[in-house]
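Shown next: input.cif, containing mmCIF, C-alpha atoms.
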```cif
data_entry
#
loop_
_atom_site.label_atom_id
_atom_site.label_comp_id
_atom_site.auth_asym_id
_atom_site.auth_seq_id
_atom_site.Cartn_x
_atom_site.Cartn_y
_atom_site.Cartn_z
CA MET A 70 72.68 73.88 73.18
CA LYS A 71 70.04 71.24 73.80
CA HIS A 72 68.33 72.38 70.60
CA ALA A 73 71.62 71.95 68.70
CA HIS A 74 71.98 68.42 70.10
CA MET A 75 68.42 67.64 68.95
CA ILE A 76 69.23 68.86 65.44
CA GLY A 77 72.42 66.76 65.50
CA PHE A 78 70.47 63.65 66.53
CA ALA A 79 67.86 64.38 63.86
CA LEU A 80 70.53 64.74 61.17
CA ALA A 81 72.25 61.54 62.28
CA ALA A 82 68.93 59.69 62.30
CA ALA A 83 68.09 61.03 58.84
CA LEU A 84 71.51 59.95 57.57
CA CYS A 85 71.11 56.44 58.97
CA ALA A 86 67.59 56.24 57.54
CA GLY A 87 68.94 57.39 54.18
CA GLN A 88 71.58 54.66 54.24
CA ALA A 89 68.98 52.08 55.27
CA ASN A 90 66.58 53.23 52.54
CA ALA A 91 69.36 52.90 49.98
CA GLN A 92 69.50 49.20 50.80
CA ASP A 93 65.70 48.92 51.01
CA SER A 94 65.19 49.50 47.31
CA GLY A 95 66.80 48.71 44.00
CA THR A 96 69.51 46.16 43.28
CA LEU A 97 71.02 45.97 46.77
CA LYS A 98 67.65 45.13 48.32
CA ASN A 99 66.97 42.48 45.69
CA VAL A 100 70.41 40.94 46.19
CA LYS A 101 69.95 40.93 49.97
CA ASP A 102 66.44 39.42 49.74
CA THR A 103 67.39 36.68 47.29
CA GLY A 104 70.97 36.04 48.42
CA ALA A 105 71.98 36.10 44.75
CA ILE A 106 73.42 38.45 42.13
CA THR A 107 73.18 37.80 38.38
CA LEU A 108 76.03 38.55 35.99
CA GLY A 109 75.49 38.82 32.25
CA PHE A 110 78.33 37.32 30.21
CA ARG A 111 79.33 37.08 26.54
CA ASP A 112 80.30 33.77 24.97
CA SER A 113 82.89 34.99 22.43
CA SER A 114 84.24 38.41 23.53
CA ILE A 115 87.83 37.22 24.09
CA PRO A 116 89.54 38.14 26.41
CA PHE A 117 86.82 40.13 28.19
CA SER A 118 84.07 37.56 28.61
CA TYR A 119 83.97 34.17 26.89
CA LEU A 120 83.51 30.46 27.48
CA ASP A 121 86.38 28.12 28.29
CA ASP A 122 86.52 24.41 27.36
CA ASN A 123 84.14 23.61 30.23
CA GLN A 124 81.61 26.21 29.00
CA LYS A 125 82.43 28.37 32.04
CA PRO A 126 82.47 32.16 31.52
CA ILE A 127 85.95 33.61 32.08
CA GLY A 128 87.86 36.75 31.14
CA TYR A 129 89.11 40.18 32.10
CA ALA A 130 85.63 41.70 32.61
CA MET A 131 84.49 38.60 34.52
CA ASP A 132 87.42 39.02 36.95
CA ILE A 133 86.46 42.67 37.51
CA CYS A 134 82.81 41.71 38.05
CA MET A 135 83.82 39.15 40.68
CA LYS A 136 85.67 41.93 42.56
CA ILE A 137 82.43 43.96 42.45
CA VAL A 138 80.53 40.90 43.80
CA ASP A 139 82.98 40.76 46.74
CA ALA A 140 82.29 44.45 47.47
CA VAL A 141 78.50 43.93 47.32
CA LYS A 142 78.78 40.95 49.67
CA LYS A 143 80.81 43.06 52.11
CA GLU A 144 78.44 46.04 51.85
CA LEU A 145 75.41 43.86 52.63
CA LYS A 146 77.30 41.94 55.36
CA LEU A 147 76.39 38.59 53.78
CA ASP A 148 78.16 35.36 54.76
CA LYS A 149 77.65 34.02 51.26
CA LEU A 150 76.36 35.39 47.98
CA GLU A 151 75.28 33.16 45.11
CA VAL A 152 76.54 34.28 41.70
CA LYS A 153 74.15 33.42 38.86
CA LEU A 154 75.37 33.60 35.28
CA ASN A 155 73.18 34.59 32.34
CA PRO A 156 74.35 34.73 28.69
CA VAL A 157 73.77 37.98 26.78
CA THR A 158 74.39 39.17 23.23
CA SER A 159 75.00 42.64 21.79
CA SER A 160 71.25 42.93 21.14
CA THR A 161 69.94 41.52 24.45
CA ARG A 162 72.40 42.96 27.01
CA ILE A 163 70.62 46.31 27.60
CA PRO A 164 67.03 44.91 27.65
CA LEU A 165 68.04 42.10 30.06
CA LEU A 166 69.71 44.63 32.35
CA ALA A 167 66.77 47.04 32.22
CA ASN A 168 64.16 44.35 32.97
CA GLY A 169 66.09 42.98 35.96
CA THR A 170 67.20 39.65 34.46
CA ILE A 171 70.85 40.58 35.08
CA ASP A 172 72.38 42.99 37.62
CA LEU A 173 75.76 43.63 35.95
CA GLU A 174 76.86 43.15 32.35
CA CYS A 175 80.43 41.86 32.26
CA GLY A 176 81.71 42.21 28.72
CA SER A 177 83.10 44.58 26.13
CA THR A 178 80.41 47.25 26.01
CA THR A 179 81.22 50.75 24.80
CA ASN A 180 80.19 53.51 27.18
CA ASN A 181 78.61 56.32 25.17
CA ALA A 182 76.18 59.19 25.80
CA ASP A 183 73.30 57.44 23.99
CA ARG A 184 73.56 54.33 26.15
CA GLN A 185 73.86 56.41 29.32
CA LYS A 186 70.28 57.59 28.66
CA GLN A 187 69.14 53.98 29.20
CA ILE A 188 71.63 52.49 31.63
CA SER A 189 74.67 53.37 33.78
CA PHE A 190 78.32 52.39 33.57
CA THR A 191 80.94 52.05 36.24
CA ASN A 192 84.53 53.27 35.82
CA THR A 193 86.16 52.49 32.47
CA HIS A 194 88.19 49.25 32.32
CA PHE A 195 89.44 49.42 28.72
CA LEU A 196 89.92 51.79 25.78
CA THR A 197 89.47 50.67 22.20
CA ALA A 198 88.80 52.04 18.69
CA SER A 199 86.52 50.76 15.93
CA ARG A 200 88.54 49.25 13.04
CA TYR A 201 88.15 46.41 10.53
CA VAL A 202 89.86 43.10 9.93
CA SER A 203 90.35 41.72 6.42
CA LYS A 204 92.42 39.10 4.65
CA LYS A 205 95.80 40.41 3.53
CA SER A 206 95.05 38.95 0.10
CA SER A 207 92.05 41.31 -0.24
CA LYS A 208 94.41 44.32 -0.18
CA ILE A 209 91.94 46.51 1.72
CA ASN A 210 94.30 49.26 2.88
CA ALA A 211 91.84 52.01 3.83
CA ILE A 212 88.17 52.51 4.67
CA ASP A 213 87.56 53.87 1.15
CA ASP A 214 88.75 50.50 -0.26
CA LEU A 215 85.56 48.95 1.17
CA LYS A 216 83.51 50.79 -1.48
CA GLY A 217 80.84 48.59 -3.10
CA LYS A 218 81.87 45.52 -1.08
CA SER A 219 80.13 43.32 1.53
CA VAL A 220 81.19 44.20 5.07
CA VAL A 221 79.95 42.53 8.26
CA SER A 222 79.51 43.87 11.79
CA THR A 223 77.73 42.56 14.89
CA SER A 224 74.13 43.69 15.26
CA GLY A 225 73.29 45.90 18.25
CA THR A 226 76.82 47.36 18.50
CA THR A 227 78.16 50.90 18.17
CA ASN A 228 80.41 49.54 15.42
CA ILE A 229 77.61 48.70 12.98
CA LYS A 230 76.19 52.17 13.63
CA GLN A 231 79.56 53.79 12.87
CA LEU A 232 79.90 51.69 9.72
CA THR A 233 76.41 52.73 8.60
CA GLU A 234 77.19 56.41 9.24
CA ALA A 235 80.54 56.25 7.38
CA ASN A 236 78.85 54.41 4.50
CA ALA A 237 76.34 57.25 4.09
CA ALA A 238 78.80 60.10 4.70
CA ARG A 239 81.36 58.79 2.19
CA ASN A 240 78.89 57.37 -0.38
CA LEU A 241 80.67 54.01 -0.20
CA ASN A 242 77.69 51.87 -1.26
CA ILE A 243 78.80 49.09 1.13
CA ASN A 244 76.56 46.07 1.54
CA ILE A 245 76.34 45.96 5.36
CA ILE A 246 75.67 42.49 6.80
CA PRO A 247 74.53 42.23 10.45
CA ALA A 248 75.81 39.16 12.35
CA LYS A 249 74.36 37.77 15.57
CA ASP A 250 77.74 37.66 17.34
CA HIS A 251 81.46 38.26 16.82
CA ALA A 252 82.23 34.62 16.04
CA GLU A 253 79.67 34.52 13.20
CA ALA A 254 80.95 37.83 11.83
CA PHE A 255 84.58 36.69 11.72
CA LEU A 256 83.52 33.41 10.10
CA MET A 257 82.01 35.44 7.24
CA VAL A 258 85.43 36.97 6.54
CA GLU A 259 87.11 33.55 6.91
CA THR A 260 84.71 32.05 4.33
CA ASP A 261 84.83 35.09 1.99
CA ARG A 262 81.17 36.03 2.45
CA ALA A 263 82.41 39.47 3.55
CA VAL A 264 85.71 41.23 2.79
CA ALA A 265 85.92 42.86 6.21
CA PHE A 266 84.51 42.79 9.75
CA VAL A 267 84.13 46.10 11.61
CA MET A 268 84.52 45.78 15.39
CA ASP A 269 86.59 47.01 18.36
CA ASP A 270 90.26 46.51 17.52
CA ILE A 271 91.10 44.40 20.58
CA LEU A 272 88.27 41.97 19.81
CA LEU A 273 89.49 41.70 16.21
CA ALA A 274 93.02 41.00 17.48
CA SER A 275 91.70 38.20 19.70
CA LEU A 276 89.70 36.63 16.86
CA VAL A 277 92.75 36.74 14.57
CA ALA A 278 94.97 35.21 17.28
CA GLY A 279 92.50 32.34 17.69
CA SER A 280 91.95 31.69 13.98
CA LYS A 281 93.31 28.77 11.94
CA ALA A 282 95.71 31.04 10.02
CA PRO A 283 96.49 34.23 12.00
CA ASN A 284 99.04 35.41 9.44
CA ASP A 285 96.34 35.62 6.75
CA TYR A 286 94.66 38.62 8.40
CA VAL A 287 95.38 42.26 9.12
CA VAL A 288 93.63 44.74 11.42
CA SER A 289 93.33 48.19 9.84
CA LYS A 290 95.20 51.31 10.88
CA ASP A 291 92.21 53.33 9.64
CA ALA A 292 89.61 53.74 12.41
CA PHE A 293 85.90 54.54 12.40
CA SER A 294 86.15 56.17 15.84
CA LYS A 295 88.27 57.91 18.46
CA PRO A 296 89.45 55.75 21.40
CA GLU A 297 86.28 54.56 23.15
CA PRO A 298 85.77 53.49 26.77
CA TYR A 299 84.45 50.09 27.84
CA GLY A 300 82.56 49.81 31.11
CA ILE A 301 80.60 47.31 33.20
CA MET A 302 76.89 48.15 32.81
CA LEU A 303 74.38 48.44 35.65
CA ARG A 304 70.82 49.72 35.90
CA LYS A 305 70.15 53.45 35.71
CA ASP A 306 68.77 55.46 38.65
CA ASP A 307 70.14 53.12 41.32
CA PRO A 308 72.62 55.42 43.14
CA ALA A 309 73.15 53.13 46.15
CA PHE A 310 74.24 50.21 43.96
CA LYS A 311 76.30 52.44 41.68
CA LYS A 312 78.14 53.85 44.70
CA VAL A 313 79.20 50.34 45.76
CA VAL A 314 80.17 49.33 42.21
CA ASP A 315 82.10 52.56 41.57
CA GLY A 316 83.87 52.23 44.92
CA ALA A 317 84.89 48.66 44.12
CA THR A 318 86.25 49.46 40.65
CA ALA A 319 88.02 52.65 41.78
CA ALA A 320 89.78 50.74 44.58
CA LEU A 321 90.76 48.00 42.12
CA TYR A 322 92.16 50.43 39.54
CA THR A 323 94.00 52.84 41.84
CA GLY A 324 95.33 50.06 44.08
CA GLY A 325 97.36 48.42 41.30
CA GLU A 326 95.53 45.08 41.25
CA ALA A 327 93.83 45.96 37.96
CA GLN A 328 97.23 46.12 36.23
CA LYS A 329 97.89 42.51 37.30
CA ILE A 330 94.46 41.41 36.03
CA TYR A 331 95.11 43.28 32.78
CA ASP A 332 98.50 41.59 32.28
CA LYS A 333 96.95 38.17 32.98
CA TRP A 334 94.52 38.54 30.06
CA PHE A 335 96.40 40.72 27.56
CA THR A 336 100.11 39.91 27.85
CA GLN A 337 100.15 36.24 28.88
CA LYS A 338 98.83 32.98 27.44
CA ILE A 339 95.11 32.62 28.11
CA PRO A 340 92.84 29.56 28.12
CA PRO A 341 91.62 27.50 26.42
CA LYS A 342 94.13 27.61 23.52
CA GLY A 343 97.08 29.37 25.15
CA LEU A 344 96.72 32.46 22.96
CA ASN A 345 98.73 35.57 23.81
CA LEU A 346 97.22 38.83 22.55
CA SER A 347 100.51 40.64 23.28
CA ALA A 348 98.68 43.90 23.96
CA PRO A 349 100.48 45.85 26.73
CA ILE A 350 98.45 48.44 28.62
CA SER A 351 98.19 51.81 26.86
CA ALA A 352 99.27 55.11 28.40
CA GLU A 353 95.64 56.28 28.20
CA LEU A 354 94.36 53.30 30.19
CA LYS A 355 97.14 53.69 32.77
CA ASN A 356 95.99 57.27 33.23
CA GLU A 357 92.36 56.10 33.58
CA PHE A 358 93.37 53.62 36.29
CA ALA A 359 95.14 56.43 38.17
CA LYS A 360 92.06 58.68 37.90
CA PRO A 361 89.00 56.43 37.41
CA THR A 362 86.03 57.90 35.52
CA ASP A 363 82.80 56.68 33.94
CA SER A 364 82.85 59.44 31.29
CA PRO A 365 81.46 58.46 27.86
CA ASP A 366 83.53 61.23 26.20
CA PRO A 367 86.52 59.86 24.23
CA ASP A 368 88.31 63.20 24.71
CA ALA A 369 88.30 62.62 28.50
CA TYR A 370 90.89 59.86 27.99
CA LYS A 371 93.54 61.80 26.05
#
```
Output the file's structure in the form of structure tokens.
Amino acid sequence: MKHAHMIGFALAAALCAGQANAQDSGTLKNVKDTGAITLGFRDSSIPFSYLDDNQKPIGYAMDICMKIVDAVKKELKLDKLEVKLNPVTSSTRIPLLANGTIDLECGSTTNNADRQKQISFTNTHFLTASRYVSKKSSKINAIDDLKGKSVVSTSGTTNIKQLTEANAARNLNINIIPAKDHAEAFLMVETDRAVAFVMDDILLASLVAGSKAPNDYVVSKDAFSKPEPYGIMLRKDDPAFKKVVDGATAALYTGGEAQKIYDKWFTQKIPPKGLNLSAPISAELKNEFAKPTDSPDPDAYK
């Protein structure tokens, strides 16, 4: 009996040591030591992560990240936690996460198997598909209508990869133009330097809503992809931090608060211009909120 008690004490001690060690390395230790956490944000990924009139990052993904910050602060029993903000682009977001410049990437990043080899994602917060926007006057009604034309997409995205693959598979002979960000890419369509811009449909909808002449544009029905999950990125091989982040997002999604945050950014007027994307939550995303997952497989969200 005494021996059993000894084993029990040893197991309890090992468990406590394991929990302590989890906080003694990786992101949680760094956050505790510095009293700060750094969020990566996008400057034009409306409504996920973008700058308002005061150049302050706001958006749907930023709101979710702030809920994660609250959970980290609680986990580490900190009275206060400084939130540092660092701009990222499609090309820099993974390197800046991997090298420790940022701790979370709060944007519109597609969770796929390739990326999961480099970094981790928390539970999915949005589902999108890769489509194109064009001017109605261009009469681009299908992907095959892009044949031989100049088409833009943002560099470092899954979308430009999908465009490149479709171009080769269908022998479309498209002139693919890489843009540094979404705003530059849409401007190319606005100024007729490209006939179409390939990107996630919700981002295209937001760019159209914020343009000078929204009625001039149409987002395609044709898609380059199945529905794809968006997730907040964090560093790979940091299970203690991922456990906190996953716990925070799962509680947010299953508890119903995520639906309110979603409605705030997708079905109501948003700053700075009072745009309304009028994009009610999909049945697939409702199902994801009920059963949170970080799966990169589009078929997991049917």
Please evaluate the PyMOL selection byres ((chain A and resi 203) around 12) against the displayed coordinates and give the resulting residues as an mmCIF file with C-alpha atoms, in the frame of the given file.
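Writing done, so here's expr-v1.cif:
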```
data_model
loop_
_atom_site.group_PDB
_atom_site.id
_atom_site.type_symbol
_atom_site.label_atom_id
_atom_site.label_comp_id
_atom_site.auth_asym_id
_atom_site.auth_seq_id
_atom_site.Cartn_x
_atom_site.Cartn_y
_atom_site.Cartn_z
ATOM 1 C CA ARG A 200 88.540 49.250 13.040
ATOM 2 C CA TYR A 201 88.150 46.410 10.530
ATOM 3 C CA VAL A 202 89.860 43.100 9.930
ATOM 4 C CA LYS A 204 92.420 39.100 4.650
ATOM 5 C CA LYS A 205 95.800 40.410 3.530
ATOM 6 C CA SER A 206 95.050 38.950 0.100
ATOM 7 C CA SER A 207 92.050 41.310 -0.240
ATOM 8 C CA LYS A 208 94.410 44.320 -0.180
ATOM 9 C CA ILE A 209 91.940 46.510 1.720
ATOM 10 C CA ASN A 210 94.300 49.260 2.880
ATOM 11 C CA ALA A 211 91.840 52.010 3.830
ATOM 12 C CA ILE A 212 88.170 52.510 4.670
ATOM 13 C CA ASP A 214 88.750 50.500 -0.260
ATOM 14 C CA LEU A 215 85.560 48.950 1.170
ATOM 15 C CA LYS A 218 81.870 45.520 -1.080
ATOM 16 C CA SER A 219 80.130 43.320 1.530
ATOM 17 C CA VAL A 220 81.190 44.200 5.070
ATOM 18 C CA VAL A 221 79.950 42.530 8.260
ATOM 19 C CA ALA A 254 80.950 37.830 11.830
ATOM 20 C CA PHE A 255 84.580 36.690 11.720
ATOM 21 C CA LEU A 256 83.520 33.410 10.100
ATOM 22 C CA MET A 257 82.010 35.440 7.240
ATOM 23 C CA VAL A 258 85.430 36.970 6.540
ATOM 24 C CA GLU A 259 87.110 33.550 6.910
ATOM 25 C CA THR A 260 84.710 32.050 4.330
ATOM 26 C CA ASP A 261 84.830 35.090 1.990
ATOM 27 C CA ARG A 262 81.170 36.030 2.450
ATOM 28 C CA ALA A 263 82.410 39.470 3.550
ATOM 29 C CA VAL A 264 85.710 41.230 2.790
ATOM 30 C CA ALA A 265 85.920 42.860 6.210
ATOM 31 C CA PHE A 266 84.510 42.790 9.750
ATOM 32 C CA VAL A 267 84.130 46.100 11.610
ATOM 33 C CA MET A 268 84.520 45.780 15.390
ATOM 34 C CA LEU A 273 89.490 41.700 16.210
ATOM 35 C CA ALA A 274 93.020 41.000 17.480
ATOM 36 C CA LEU A 276 89.700 36.630 16.860
ATOM 37 C CA VAL A 277 92.750 36.740 14.570
ATOM 38 C CA PRO A 283 96.490 34.230 12.000
ATOM 39 C CA ASN A 284 99.040 35.410 9.440
ATOM 40 C CA ASP A 285 96.340 35.620 6.750
ATOM 41 C CA TYR A 286 94.660 38.620 8.400
ATOM 42 C CA VAL A 287 95.380 42.260 9.120
ATOM 43 C CA VAL A 288 93.630 44.740 11.420
ATOM 44 C CA SER A 289 93.330 48.190 9.840
ATOM 45 C CA LYS A 290 95.200 51.310 10.880
#
```
Tell me, as a PyMOL selection string, which residues lie within 6 Å of Ser199 in chain A, counting all atoms listed in the file; anything in the same chain fewer than 6 positions away does not count.
-> chain A and resi 268-270+292-294
Among the residues A:Ile115, A:Val152, A:Ile301, A:Met135, the one that comes closest to Ala252 in chain A [using all atoms listed in the file] |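 Checking each candidate against Ala252 in chain A, we get A:Ile115 as the closest.
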Could you tell me which residues the PyMOL selection byres ((chain A and resi 241) around 9) grabs in this file, written as a PyMOL selection string?
-> chain A and resi 213-218+235-240+242-243
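Using all atoms listed in the file, the shortest contact distance between Glu253 in chain A and any of A:Thr178, A:Ser113, A:Gly324, A:Pro367 is found at A:Ser113.
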Hey, what comes out of the PyMOL selection byres ((chain A and resi 151) around 12) on this file? Could you write it as a PyMOL selection string?
-> chain A and resi 100-108+135+138-139+141-142+147-150+152-154
Pairwise distance for CA of Thr161 in chain A and CA of Leu303 in chain A, rounded to one decimal in Å |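 Between these atoms lies a distance of 13.9 Å.
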Residue among A:Leu120, A:Ile163, A:Ile188, A:Ile137 lying closest to Thr226 in chain A, counting all atoms listed in the file = A:Ile163
Please provide the set of residues having any atom within 10 Å of range 341-343 of chain A, restricted to all atoms listed in the file, with same-chain residues fewer than 5 positions apart removed, written as an mmCIF file with C-alpha atoms, in the frame of the given file.
```cif
data_model
loop_
_atom_site.group_PDB
_atom_site.id
_atom_site.type_symbol
_atom_site.label_atom_id
_atom_site.label_comp_id
_atom_site.auth_asym_id
_atom_site.auth_seq_id
_atom_site.Cartn_x
_atom_site.Cartn_y
_atom_site.Cartn_z
ATOM 1 C CA LEU A 120 83.510 30.460 27.480
ATOM 2 C CA ASP A 121 86.380 28.120 28.290
ATOM 3 C CA ASP A 122 86.520 24.410 27.360
ATOM 4 C CA ASN A 123 84.140 23.610 30.230
ATOM 5 C CA ALA A 278 94.970 35.210 17.280
ATOM 6 C CA GLY A 279 92.500 32.340 17.690
#
```
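Using all atoms listed in the file, the contacts of Phe195 in chain A at a cut-off of 9 Å, with sequence neighbours closer than 5 positions omitted, comprise Ser177, Glu297, Pro298, Tyr299, Gly300, Leu354 and Glu357 of chain A.
Between Lys312 in chain A and the candidates A:Ala327, A:Ala140, A:Ala182, A:Leu232, the tightest atom-to-atom separation, counting all atoms listed in the file, involves A:Ala140.
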Just give me the gap between CA of Glu353 in chain A and CA of Asp112 in chain A in Å, one decimal is fine.
-> 27.4 Å
Measure the distance from CA of Asn356 in chain A to CA of Lys136 in chain A in Å and round it to one decimal.
-> 20.7 Å
Which residue of A:Gln124, A:Gly95, A:Thr158, A:Tyr322 approaches Ala248 in chain A most closely, using all atoms listed in the file | A:Thr158
List every protein, DNA or RNA residue that has at least one atom no more than 12 Å from (81.6, 54.5, 46.5) in the file's coordinates, counting all atoms listed in the file, and write the result as a PDB file with C-alpha atoms, in the frame of the given file.
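In the end it all went to result-v6.pdb:
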```pdb
ATOM      1  CA  ILE A 137      82.430  43.960  42.450  1.00  0.00           C
ATOM      2  CA  ALA A 140      82.290  44.450  47.470  1.00  0.00           C
ATOM      3  CA  VAL A 141      78.500  43.930  47.320  1.00  0.00           C
ATOM      4  CA  GLU A 144      78.440  46.040  51.850  1.00  0.00           C
ATOM      5  CA  THR A 191      80.940  52.050  36.240  1.00  0.00           C
ATOM      6  CA  ASN A 192      84.530  53.270  35.820  1.00  0.00           C
ATOM      7  CA  PRO A 308      72.620  55.420  43.140  1.00  0.00           C
ATOM      8  CA  ALA A 309      73.150  53.130  46.150  1.00  0.00           C
ATOM      9  CA  PHE A 310      74.240  50.210  43.960  1.00  0.00           C
ATOM     10  CA  LYS A 311      76.300  52.440  41.680  1.00  0.00           C
ATOM     11  CA  LYS A 312      78.140  53.850  44.700  1.00  0.00           C
ATOM     12  CA  VAL A 313      79.200  50.340  45.760  1.00  0.00           C
ATOM     13  CA  VAL A 314      80.170  49.330  42.210  1.00  0.00           C
ATOM     14  CA  ASP A 315      82.100  52.560  41.570  1.00  0.00           C
ATOM     15  CA  GLY A 316      83.870  52.230  44.920  1.00  0.00           C
ATOM     16  CA  ALA A 317      84.890  48.660  44.120  1.00  0.00           C
ATOM     17  CA  THR A 318      86.250  49.460  40.650  1.00  0.00           C
ATOM     18  CA  ALA A 319      88.020  52.650  41.780  1.00  0.00           C
ATOM     19  CA  ALA A 320      89.780  50.740  44.580  1.00  0.00           C
ATOM     20  CA  PRO A 361      89.000  56.430  37.410  1.00  0.00           C
TER      21      PRO A 361
END
```
For Ser160 in chain A: contacts at 12 Å, all atoms listed in the file, fewer than 4 positions along chain excluded, given as JSON, numbers by chain = {"A": [111, 156, 164, 165, 166, 178, 223, 224, 225, 226, 227, 229, 247, 248, 249, 250]}
Generate a file of the selected residues that holds C-alpha atoms, formatted as a short mmCIF file (atom, residue, chain, number, x, y, z; two decimals), keeping the file's coordinate frame.
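Writing done, so here's result_4.cif:
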```cif
data_model
loop_
_atom_site.label_atom_id
_atom_site.label_comp_id
_atom_site.auth_asym_id
_atom_site.auth_seq_id
_atom_site.Cartn_x
_atom_site.Cartn_y
_atom_site.Cartn_z
CA ARG A 111 79.33 37.08 26.54
CA PRO A 156 74.35 34.73 28.69
CA PRO A 164 67.03 44.91 27.65
CA LEU A 165 68.04 42.10 30.06
CA LEU A 166 69.71 44.63 32.35
CA THR A 178 80.41 47.25 26.01
CA THR A 223 77.73 42.56 14.89
CA SER A 224 74.13 43.69 15.26
CA GLY A 225 73.29 45.90 18.25
CA THR A 226 76.82 47.36 18.50
CA THR A 227 78.16 50.90 18.17
CA ILE A 229 77.61 48.70 12.98
CA PRO A 247 74.53 42.23 10.45
CA ALA A 248 75.81 39.16 12.35
CA LYS A 249 74.36 37.77 15.57
CA ASP A 250 77.74 37.66 17.34
#
```
Could you tell me which of A:Ile350, A:Ala282, A:Met302, A:Ile271 comes closest to Ala198 in chain A if we count only C-alpha atoms?
->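 Answer, going by the shortest atom-to-atom distance: A:Ile271.
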